[in-house]
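One file, structure.pdb, carrying PDB, C-alpha atoms, pLDDT in the B column:
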```pdb
ATOM      1  CA  MET Y 866      -7.833  -8.073  15.759  1.00 70.00           C
ATOM      2  CA  LYS Y 867      -4.441  -6.453  16.136  1.00 87.00           C
ATOM      3  CA  LYS Y 868      -3.846  -2.758  15.605  1.00 97.00           C
ATOM      4  CA  VAL Y 869      -3.140  -0.812  12.407  1.00 98.00           C
ATOM      5  CA  LEU Y 870      -0.047   1.381  12.099  1.00 98.00           C
ATOM      6  CA  PHE Y 871      -0.425   4.673  10.201  1.00 99.00           C
ATOM      7  CA  VAL Y 872       2.823   6.203   8.911  1.00 99.00           C
ATOM      8  CA  LEU Y 873       3.030   9.998   8.466  1.00 98.00           C
ATOM      9  CA  THR Y 874       5.874  11.928   6.857  1.00 98.00           C
ATOM     10  CA  SER Y 875       8.214  14.060   8.974  1.00 98.00           C
ATOM     11  CA  HIS Y 876       9.312  16.129   5.957  1.00 98.00           C
ATOM     12  CA  GLY Y 877       7.881  19.644   5.786  1.00 98.00           C
ATOM     13  CA  GLU Y 878       9.523  21.267   2.770  1.00 97.00           C
ATOM     14  CA  LYS Y 879       8.548  20.809  -0.886  1.00 95.00           C
ATOM     15  CA  GLY Y 880      12.007  21.538  -2.280  1.00 90.00           C
ATOM     16  CA  ASN Y 881      11.982  25.303  -2.849  1.00 89.00           C
ATOM     17  CA  ALA Y 882       8.239  25.290  -3.595  1.00 93.00           C
ATOM     18  CA  GLY Y 883       6.858  25.871  -0.096  1.00 94.00           C
ATOM     19  CA  SER Y 884       5.765  23.812   2.868  1.00 97.00           C
ATOM     20  CA  THR Y 885       4.226  20.352   2.875  1.00 97.00           C
ATOM     21  CA  GLY Y 886       3.723  17.396   5.208  1.00 98.00           C
ATOM     22  CA  TYR Y 887       1.253  14.556   5.489  1.00 98.00           C
ATOM     23  CA  HIS Y 888      -2.095  15.160   3.793  1.00 98.00           C
ATOM     24  CA  LEU Y 889      -4.695  15.416   6.558  1.00 98.00           C
ATOM     25  CA  GLY Y 890      -7.549  13.856   4.570  1.00 98.00           C
ATOM     26  CA  GLU Y 891      -5.379  10.872   3.668  1.00 98.00           C
ATOM     27  CA  VAL Y 892      -5.084  10.182   7.380  1.00 98.00           C
ATOM     28  CA  SER Y 893      -8.557  11.147   8.555  1.00 98.00           C
ATOM     29  CA  HIS Y 894     -10.668   9.355   5.949  1.00 98.00           C
ATOM     30  CA  PRO Y 895      -9.116   5.878   6.374  1.00 98.00           C
ATOM     31  CA  TRP Y 896      -8.898   6.555  10.131  1.00 98.00           C
ATOM     32  CA  LYS Y 897     -12.654   7.189  10.288  1.00 98.00           C
ATOM     33  CA  VAL Y 898     -13.475   3.990   8.397  1.00 98.00           C
ATOM     34  CA  LEU Y 899     -11.286   1.891  10.686  1.00 98.00           C
ATOM     35  CA  HIS Y 900     -11.993   3.773  13.919  1.00 98.00           C
ATOM     36  CA  ASP Y 901     -15.764   3.498  13.408  1.00 97.00           C
ATOM     37  CA  ALA Y 902     -15.265  -0.261  12.981  1.00 97.00           C
ATOM     38  CA  GLY Y 903     -13.504  -0.479  16.346  1.00 97.00           C
ATOM     39  CA  VAL Y 904      -9.952  -0.767  15.025  1.00 97.00           C
ATOM     40  CA  GLU Y 905      -7.209   0.805  17.153  1.00 98.00           C
ATOM     41  CA  ILE Y 906      -4.618   2.831  15.249  1.00 98.00           C
ATOM     42  CA  ASP Y 907      -1.136   3.986  16.225  1.00 98.00           C
ATOM     43  CA  LEU Y 908       0.737   6.788  14.478  1.00 98.00           C
ATOM     44  CA  VAL Y 909       4.425   6.700  13.591  1.00 98.00           C
ATOM     45  CA  SER Y 910       6.689   9.070  11.650  1.00 98.00           C
ATOM     46  CA  PRO Y 911      10.341   8.813  10.622  1.00 98.00           C
ATOM     47  CA  ARG Y 912      11.451  11.322  13.264  1.00 98.00           C
ATOM     48  CA  GLY Y 913       8.666  10.833  15.806  1.00 98.00           C
ATOM     49  CA  GLY Y 914       6.974  13.751  17.544  1.00 98.00           C
ATOM     50  CA  GLU Y 915       4.550  16.107  15.831  1.00 98.00           C
ATOM     51  CA  PRO Y 916       4.791  15.848  12.033  1.00 98.00           C
ATOM     52  CA  PRO Y 917       3.997  18.704   9.619  1.00 98.00           C
ATOM     53  CA  VAL Y 918       0.516  18.735   8.103  1.00 98.00           C
ATOM     54  CA  ASP Y 919      -0.739  19.717   4.642  1.00 97.00           C
ATOM     55  CA  GLY Y 920      -4.232  19.845   3.176  1.00 97.00           C
ATOM     56  CA  PHE Y 921      -5.479  21.354   6.442  1.00 97.00           C
ATOM     57  CA  ASP Y 922      -9.227  21.733   6.066  1.00 97.00           C
ATOM     58  CA  LEU Y 923     -11.459  21.473   9.119  1.00 98.00           C
ATOM     59  CA  GLU Y 924     -14.566  22.041   6.981  1.00 98.00           C
ATOM     60  CA  ASP Y 925     -14.126  18.358   6.116  1.00 98.00           C
ATOM     61  CA  PRO Y 926     -16.021  16.468   8.860  1.00 98.00           C
ATOM     62  CA  ALA Y 927     -13.576  13.538   8.988  1.00 98.00           C
ATOM     63  CA  ASN Y 928     -10.638  15.939   9.250  1.00 98.00           C
ATOM     64  CA  LYS Y 929     -12.335  17.823  12.073  1.00 98.00           C
ATOM     65  CA  GLU Y 930     -13.241  14.650  13.972  1.00 98.00           C
ATOM     66  CA  PHE Y 931      -9.720  13.221  13.703  1.00 98.00           C
ATOM     67  CA  TRP Y 932      -7.983  16.519  14.488  1.00 98.00           C
ATOM     68  CA  ASN Y 933     -10.050  17.121  17.634  1.00 98.00           C
ATOM     69  CA  HIS Y 934     -10.335  13.531  18.896  1.00 98.00           C
ATOM     70  CA  PRO Y 935      -8.665  13.602  22.348  1.00 98.00           C
ATOM     71  CA  VAL Y 936      -6.998  10.196  22.049  1.00 98.00           C
ATOM     72  CA  TYR Y 937      -5.762  10.732  18.509  1.00 98.00           C
ATOM     73  CA  GLN Y 938      -4.808  14.337  19.152  1.00 98.00           C
ATOM     74  CA  GLU Y 939      -2.329  12.978  21.683  1.00 98.00           C
ATOM     75  CA  LYS Y 940      -1.132  10.296  19.251  1.00 98.00           C
ATOM     76  CA  ARG Y 941      -0.824  12.880  16.461  1.00 98.00           C
ATOM     77  CA  ILE Y 942       1.236  15.324  18.511  1.00 98.00           C
ATOM     78  CA  HIS Y 943       3.436  12.542  19.883  1.00 98.00           C
ATOM     79  CA  THR Y 944       3.855  10.133  16.969  1.00 98.00           C
ATOM     80  CA  LYS Y 945       6.115   7.200  17.721  1.00 98.00           C
ATOM     81  CA  SER Y 946       9.442   6.726  15.993  1.00 98.00           C
ATOM     82  CA  PRO Y 947      10.067   3.492  14.042  1.00 98.00           C
ATOM     83  CA  LYS Y 948      12.431   2.116  16.692  1.00 97.00           C
ATOM     84  CA  GLU Y 949       9.570   2.227  19.231  1.00 97.00           C
ATOM     85  CA  ILE Y 950       7.377  -0.050  17.107  1.00 98.00           C
ATOM     86  CA  THR Y 951       6.951  -3.793  17.646  1.00 97.00           C
ATOM     87  CA  PRO Y 952       5.797  -5.122  14.237  1.00 97.00           C
ATOM     88  CA  SER Y 953       3.977  -8.122  15.713  1.00 97.00           C
ATOM     89  CA  ASP Y 954       1.501  -5.731  17.385  1.00 97.00           C
ATOM     90  CA  TYR Y 955       0.028  -4.815  13.994  1.00 98.00           C
ATOM     91  CA  SER Y 956      -2.230  -6.450  11.415  1.00 98.00           C
ATOM     92  CA  ALA Y 957      -1.573  -3.723   8.865  1.00 98.00           C
ATOM     93  CA  ILE Y 958       0.705  -0.810   8.032  1.00 98.00           C
ATOM     94  CA  TYR Y 959      -0.659   2.152   6.077  1.00 99.00           C
ATOM     95  CA  PHE Y 960       1.336   4.982   4.495  1.00 99.00           C
ATOM     96  CA  ALA Y 961      -0.576   8.258   4.224  1.00 98.00           C
ATOM     97  CA  GLY Y 962       0.445  10.561   1.397  1.00 98.00           C
ATOM     98  CA  GLY Y 963       1.430  14.186   1.150  1.00 98.00           C
ATOM     99  CA  HIS Y 964       4.355  15.449  -0.892  1.00 98.00           C
ATOM    100  CA  GLY Y 965       6.713  15.226   2.083  1.00 98.00           C
ATOM    101  CA  THR Y 966       6.711  11.439   1.794  1.00 98.00           C
ATOM    102  CA  MET Y 967       8.693  11.667  -1.445  1.00 98.00           C
ATOM    103  CA  TRP Y 968      11.719  12.853   0.507  1.00 98.00           C
ATOM    104  CA  ASP Y 969      11.706  10.756   3.694  1.00 98.00           C
ATOM    105  CA  PHE Y 970       9.846   7.504   2.901  1.00 98.00           C
ATOM    106  CA  PRO Y 971      11.661   5.783  -0.013  1.00 98.00           C
ATOM    107  CA  ASP Y 972      15.099   5.280   1.576  1.00 98.00           C
ATOM    108  CA  ASN Y 973      14.073   4.869   5.220  1.00 98.00           C
ATOM    109  CA  GLN Y 974      15.393   1.432   6.125  1.00 98.00           C
ATOM    110  CA  GLU Y 975      13.506   1.295   9.425  1.00 98.00           C
ATOM    111  CA  LEU Y 976      10.193   1.756   7.625  1.00 98.00           C
ATOM    112  CA  GLN Y 977      11.221  -0.782   4.980  1.00 98.00           C
ATOM    113  CA  GLU Y 978      11.987  -3.331   7.709  1.00 98.00           C
ATOM    114  CA  LEU Y 979       8.660  -2.695   9.472  1.00 98.00           C
ATOM    115  CA  THR Y 980       6.803  -3.094   6.174  1.00 98.00           C
ATOM    116  CA  LYS Y 981       8.614  -6.292   5.242  1.00 98.00           C
ATOM    117  CA  THR Y 982       8.091  -7.838   8.690  1.00 98.00           C
ATOM    118  CA  ILE Y 983       4.386  -7.007   8.884  1.00 98.00           C
ATOM    119  CA  TYR Y 984       3.783  -8.237   5.320  1.00 98.00           C
ATOM    120  CA  GLU Y 985       5.726 -11.474   5.755  1.00 98.00           C
ATOM    121  CA  SER Y 986       3.806 -12.161   8.969  1.00 98.00           C
ATOM    122  CA  GLY Y 987       0.547 -12.169   6.995  1.00 98.00           C
ATOM    123  CA  GLY Y 988      -0.238  -8.493   7.509  1.00 98.00           C
ATOM    124  CA  ILE Y 989      -1.652  -5.919   5.109  1.00 98.00           C
ATOM    125  CA  VAL Y 990       0.332  -3.119   3.467  1.00 99.00           C
ATOM    126  CA  GLY Y 991      -1.623  -0.060   2.373  1.00 98.00           C
ATOM    127  CA  ALA Y 992      -0.720   3.340   0.930  1.00 99.00           C
ATOM    128  CA  VAL Y 993      -2.375   6.235  -0.885  1.00 99.00           C
ATOM    129  CA  CYS Y 994      -1.351   9.060  -3.221  1.00 98.00           C
ATOM    130  CA  HIS Y 995       2.372   9.714  -2.544  1.00 98.00           C
ATOM    131  CA  GLY Y 996       2.379   7.162   0.298  1.00 98.00           C
ATOM    132  CA  PRO Y 997       3.373   4.318  -2.076  1.00 98.00           C
ATOM    133  CA  SER Y 998       6.780   6.026  -2.296  1.00 98.00           C
ATOM    134  CA  ALA Y 999       7.479   4.030   0.889  1.00 98.00           C
ATOM    135  CA  LEU Y1000       7.126   0.780  -1.060  1.00 98.00           C
ATOM    136  CA  VAL Y1001       9.468   1.320  -4.012  1.00 98.00           C
ATOM    137  CA  ASN Y1002      12.536  -0.046  -2.192  1.00 98.00           C
ATOM    138  CA  VAL Y1003      10.961  -2.631   0.141  1.00 98.00           C
ATOM    139  CA  THR Y1004      12.691  -5.964  -0.473  1.00 98.00           C
ATOM    140  CA  LEU Y1005      11.340  -9.235   0.910  1.00 98.00           C
ATOM    141  CA  SER Y1006      13.406 -12.006   2.509  1.00 98.00           C
ATOM    142  CA  ASN Y1007      13.519 -13.881  -0.810  1.00 97.00           C
ATOM    143  CA  GLY Y1008      15.235 -10.913  -2.456  1.00 97.00           C
ATOM    144  CA  SER Y1009      12.265  -9.779  -4.544  1.00 97.00           C
ATOM    145  CA  LYS Y1010      10.689  -6.329  -4.334  1.00 98.00           C
ATOM    146  CA  LEU Y1011       7.416  -6.249  -2.391  1.00 98.00           C
ATOM    147  CA  ILE Y1012       5.524  -4.665  -5.280  1.00 98.00           C
ATOM    148  CA  ALA Y1013       7.165  -6.677  -8.078  1.00 98.00           C
ATOM    149  CA  GLY Y1014       4.504  -8.307 -10.243  1.00 98.00           C
ATOM    150  CA  LYS Y1015       1.664  -6.841  -8.163  1.00 98.00           C
ATOM    151  CA  ARG Y1016      -1.055  -4.435  -9.242  1.00 98.00           C
ATOM    152  CA  VAL Y1017      -0.187  -1.061  -7.773  1.00 98.00           C
ATOM    153  CA  ASN Y1018      -1.442   2.494  -7.844  1.00 97.00           C
ATOM    154  CA  GLY Y1019      -0.252   5.933  -6.718  1.00 98.00           C
ATOM    155  CA  PHE Y1020      -0.162   9.611  -7.677  1.00 98.00           C
ATOM    156  CA  SER Y1021       0.055   9.753 -11.460  1.00 98.00           C
ATOM    157  CA  ASN Y1022       2.510  11.686 -13.624  1.00 98.00           C
ATOM    158  CA  GLU Y1023      -0.447  13.618 -15.035  1.00 98.00           C
ATOM    159  CA  GLU Y1024      -1.605  14.655 -11.556  1.00 98.00           C
ATOM    160  CA  GLU Y1025       1.937  15.742 -10.640  1.00 98.00           C
ATOM    161  CA  GLU Y1026       2.041  17.883 -13.786  1.00 98.00           C
ATOM    162  CA  ILE Y1027      -1.352  19.435 -12.981  1.00 98.00           C
ATOM    163  CA  VAL Y1028      -0.060  20.611  -9.578  1.00 97.00           C
ATOM    164  CA  LYS Y1029       3.153  21.794 -11.320  1.00 97.00           C
ATOM    165  CA  LEU Y1030       5.489  19.835  -9.071  1.00 97.00           C
ATOM    166  CA  GLU Y1031       6.895  17.367 -11.617  1.00 97.00           C
ATOM    167  CA  GLY Y1032      10.182  19.301 -11.542  1.00 96.00           C
ATOM    168  CA  VAL Y1033      10.250  19.655  -7.747  1.00 97.00           C
ATOM    169  CA  VAL Y1034       9.729  16.116  -6.447  1.00 97.00           C
ATOM    170  CA  PRO Y1035      12.839  13.878  -6.332  1.00 97.00           C
ATOM    171  CA  PHE Y1036      11.218  11.473  -8.819  1.00 98.00           C
ATOM    172  CA  LEU Y1037       7.877  10.784 -10.474  1.00 98.00           C
ATOM    173  CA  LEU Y1038       6.078   8.162  -8.405  1.00 98.00           C
ATOM    174  CA  GLU Y1039       4.305   6.484 -11.328  1.00 98.00           C
ATOM    175  CA  ASN Y1040       7.655   5.929 -13.080  1.00 98.00           C
ATOM    176  CA  LYS Y1041       9.341   4.607  -9.939  1.00 98.00           C
ATOM    177  CA  LEU Y1042       6.530   2.161  -9.131  1.00 98.00           C
ATOM    178  CA  ILE Y1043       6.855   0.740 -12.646  1.00 98.00           C
ATOM    179  CA  ALA Y1044      10.661   0.610 -12.392  1.00 98.00           C
ATOM    180  CA  SER Y1045      10.308  -1.375  -9.138  1.00 97.00           C
ATOM    181  CA  GLY Y1046       8.259  -4.013 -10.946  1.00 98.00           C
ATOM    182  CA  GLY Y1047       4.772  -2.865 -10.080  1.00 98.00           C
ATOM    183  CA  LYS Y1048       1.905  -3.345 -12.524  1.00 98.00           C
ATOM    184  CA  TYR Y1049       0.813   0.283 -12.406  1.00 98.00           C
ATOM    185  CA  SER Y1050      -2.646   1.401 -13.470  1.00 97.00           C
ATOM    186  CA  LYS Y1051      -4.463   4.695 -13.058  1.00 97.00           C
ATOM    187  CA  SER Y1052      -7.691   6.563 -13.613  1.00 98.00           C
ATOM    188  CA  ALA Y1053      -8.244  10.102 -14.857  1.00 98.00           C
ATOM    189  CA  PRO Y1054      -6.877  12.770 -12.479  1.00 98.00           C
ATOM    190  CA  TRP Y1055      -8.692  13.183  -9.160  1.00 98.00           C
ATOM    191  CA  ASN Y1056     -10.894  10.124  -9.635  1.00 98.00           C
ATOM    192  CA  SER Y1057     -10.893   7.523  -6.886  1.00 98.00           C
ATOM    193  CA  HIS Y1058      -8.853   4.485  -7.912  1.00 98.00           C
ATOM    194  CA  VAL Y1059      -7.778   1.657  -5.610  1.00 98.00           C
ATOM    195  CA  GLU Y1060      -5.862  -1.489  -6.472  1.00 98.00           C
ATOM    196  CA  VAL Y1061      -6.022  -4.547  -4.195  1.00 98.00           C
ATOM    197  CA  ASP Y1062      -3.556  -7.350  -4.933  1.00 98.00           C
ATOM    198  CA  GLU Y1063      -3.785  -9.978  -2.190  1.00 97.00           C
ATOM    199  CA  ARG Y1064      -2.605  -8.046   0.916  1.00 98.00           C
ATOM    200  CA  LEU Y1065      -1.356  -4.953  -0.916  1.00 98.00           C
ATOM    201  CA  VAL Y1066      -3.764  -1.988  -1.105  1.00 99.00           C
ATOM    202  CA  THR Y1067      -2.822   1.194  -2.962  1.00 98.00           C
ATOM    203  CA  GLY Y1068      -4.789   4.287  -3.960  1.00 98.00           C
ATOM    204  CA  GLN Y1069      -4.094   7.009  -6.501  1.00 98.00           C
ATOM    205  CA  ASN Y1070      -4.877  10.363  -4.869  1.00 98.00           C
ATOM    206  CA  PRO Y1071      -6.632  12.095  -1.949  1.00 98.00           C
ATOM    207  CA  GLN Y1072      -9.996  11.142  -3.442  1.00 98.00           C
ATOM    208  CA  SER Y1073      -9.035   7.467  -2.991  1.00 98.00           C
ATOM    209  CA  ALA Y1074      -8.228   7.636   0.728  1.00 98.00           C
ATOM    210  CA  LYS Y1075     -11.592   6.523   2.110  1.00 98.00           C
ATOM    211  CA  ALA Y1076     -11.778   3.619  -0.350  1.00 98.00           C
ATOM    212  CA  VAL Y1077      -8.285   2.499   0.680  1.00 98.00           C
ATOM    213  CA  GLY Y1078      -9.472   2.446   4.297  1.00 98.00           C
ATOM    214  CA  GLU Y1079     -12.507   0.401   3.287  1.00 98.00           C
ATOM    215  CA  ALA Y1080     -10.322  -2.079   1.387  1.00 98.00           C
ATOM    216  CA  ILE Y1081      -7.983  -2.472   4.377  1.00 98.00           C
ATOM    217  CA  LEU Y1082     -10.955  -3.035   6.680  1.00 98.00           C
ATOM    218  CA  SER Y1083     -12.365  -5.667   4.327  1.00 98.00           C
ATOM    219  CA  LEU Y1084      -9.046  -7.557   4.411  1.00 98.00           C
ATOM    220  CA  LEU Y1085      -8.816  -7.247   8.194  1.00 97.00           C
ATOM    221  CA  LYS Y1086     -12.205  -8.958   8.501  1.00 96.00           C
ATOM    222  CA  LYS Y1087     -11.123 -12.012   6.494  1.00 92.00           C
TER     223      LYS Y1087
END
```

As a first step, turn the structure in this file into structure tokens.
Amino acid sequence: MKKVLFVLTSHGEKGNAGSTGYHLGEVSHPWKVLHDAGVEIDLVSPRGGEPPVDGFDLEDPANKEFWNHPVYQEKRIHTKSPKEITPSDYSAIYFAGGHGTMWDFPDNQELQELTKTIYESGGIVGAVCHGPSALVNVTLSNGSKLIAGKRVNGFSNEEEEIVKLEGVVPFLLENKLIASGGKYSKSAPWNSHVEVDERLVTGQNPQSAKAVGEAILSLLKK
């Protein structure tokens, strides 16, 4: 089995509404599922180096284990940049959420190219919460959008309104996923919801992160 590439945002500001970053639980929970199954994971971020973190809660056992793991502590502090990544090394690419992703994922052409290459080589593409913002502009070699016609999930408009950031984020993710051709579905706020469409795995919110990891692992075993 090849490795899995986790992508973390480098963006640390939520407009004028405070700090943000990648959501720790959306990294740690899928990481634990895959790590416990013997899968090796690399970490990448748009700018490389140590990315900003949000949702920092070491009372969560998975968060604590990931944060303090000596190997992954080193990988977390020194994330790779996209240009350092060889796509053929990876069986899957996974985009963790956090509000920062809404600013630096959607238009990052290096991440789009990595996603396209891994997917077209038979790999898995996964994302959770705001992480699917990375997928809205990914175009395949045949000219179609990666998510066009596929069942897809992500942070809902209702959830964005509950956290009072609908006027802060550059766009509403639910709307953009639909505009990019995705067949969007959702559950009530803060309920786990994961959509699997062939090799595309997307989850709605932080509560969905572990289940996204489990779905990716299931596909890796096929």

Target residues per the PyMOL selection byres ((chain Y and resi 951) around 12), formatted as a ChimeraX atom specification: /Y:867-870,907,909,945-950,952-956,958,975-976,978-980,982-983

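Put simply, the PyMOL selection byres ((chain Y and resi 1058-1072) around 6) in this file takes in Glu891, Ile989, Val990, Gly991, Ala992, Val993, Cys994, Arg1016, Val1017, Asn1018, Gly1019, Phe1020, Ser1057, Ser1073 and Ala1074 of chain Y.
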
Shell of 12 Å around Y:Glu1031, only C-alpha atoms, local chain residues under 2 positions omitted, as a PyMOL selection string: chain Y and resi 879-880+882+964+967+1020-1029+1033-1040

Do you know which residues are at most 8 Å from stretch 999-1011 of chain Y counting only C-alpha atoms, after dropping those on the same chain fewer than 6 positions away, and could you put them as a PDB file with C-alpha atoms, in the frame of the given file?
```pdb
ATOM      1  CA  PHE Y 960       1.336   4.982   4.495  1.00 99.00           C
ATOM      2  CA  THR Y 966       6.711  11.439   1.794  1.00 98.00           C
ATOM      3  CA  PHE Y 970       9.846   7.504   2.901  1.00 98.00           C
ATOM      4  CA  PRO Y 971      11.661   5.783  -0.013  1.00 98.00           C
ATOM      5  CA  ASP Y 972      15.099   5.280   1.576  1.00 98.00           C
ATOM      6  CA  ASN Y 973      14.073   4.869   5.220  1.00 98.00           C
ATOM      7  CA  LEU Y 976      10.193   1.756   7.625  1.00 98.00           C
ATOM      8  CA  GLN Y 977      11.221  -0.782   4.980  1.00 98.00           C
ATOM      9  CA  GLU Y 978      11.987  -3.331   7.709  1.00 98.00           C
ATOM     10  CA  THR Y 980       6.803  -3.094   6.174  1.00 98.00           C
ATOM     11  CA  LYS Y 981       8.614  -6.292   5.242  1.00 98.00           C
ATOM     12  CA  GLU Y 985       5.726 -11.474   5.755  1.00 98.00           C
ATOM     13  CA  LYS Y1041       9.341   4.607  -9.939  1.00 98.00           C
ATOM     14  CA  LEU Y1042       6.530   2.161  -9.131  1.00 98.00           C
ATOM     15  CA  SER Y1045      10.308  -1.375  -9.138  1.00 97.00           C
ATOM     16  CA  GLY Y1046       8.259  -4.013 -10.946  1.00 98.00           C
TER      17      GLY Y1046
END
```

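A straight line drawn from atom CA of Y:Thr944 to atom CA of Y:Ile906 is 11.3 Å long.
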
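Straight-line separation from atom CA of Y:Gly1032 to atom CA of Y:His876: 17.8 Å.
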
For Y:Ser884: contacts at 12 Å, all atoms listed in the file, fewer than 2 positions along chain excluded, given as a list in words: Ser875, His876, Gly877, Glu878, Lys879, Gly880, Asn881, Ala882, Gly886, Tyr887, His888, Pro917, Val918, Asp919, Gly920, Gly963, His964 and Gly965 of chain Y

Surrounding residues of stretch 931-939 of chain Y excluding itself and chain neighbours under 5 positions, 9 Å, only C-alpha atoms, as a ChimeraX atom specification: /Y:889,892-894,896-897,906-908,923,926,944

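One finds atom CA of Y:Asn928 at 16.1 Å from atom CA of Y:Val1077.
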
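Comparing the minimum interatomic distances between Y:His900 and each of Y:Ala1013, Y:Asp969, Y:Ser1050, Y:Glu930, counting all atoms listed in the file, we find that Y:Glu930 sits nearest.
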
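Among the candidates Y:Gly890, Y:Pro997, Y:Gly903, Y:Ile942, the residue lying nearest to Y:Asp925 is Y:Gly890 (atoms considered: only C-alpha atoms).
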
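Distance check against Y:Gly962 using all atoms listed in the file: of Y:Ile1043, Y:Val872, Y:Leu1085, Y:Ala1080, the minimum falls on Y:Val872.
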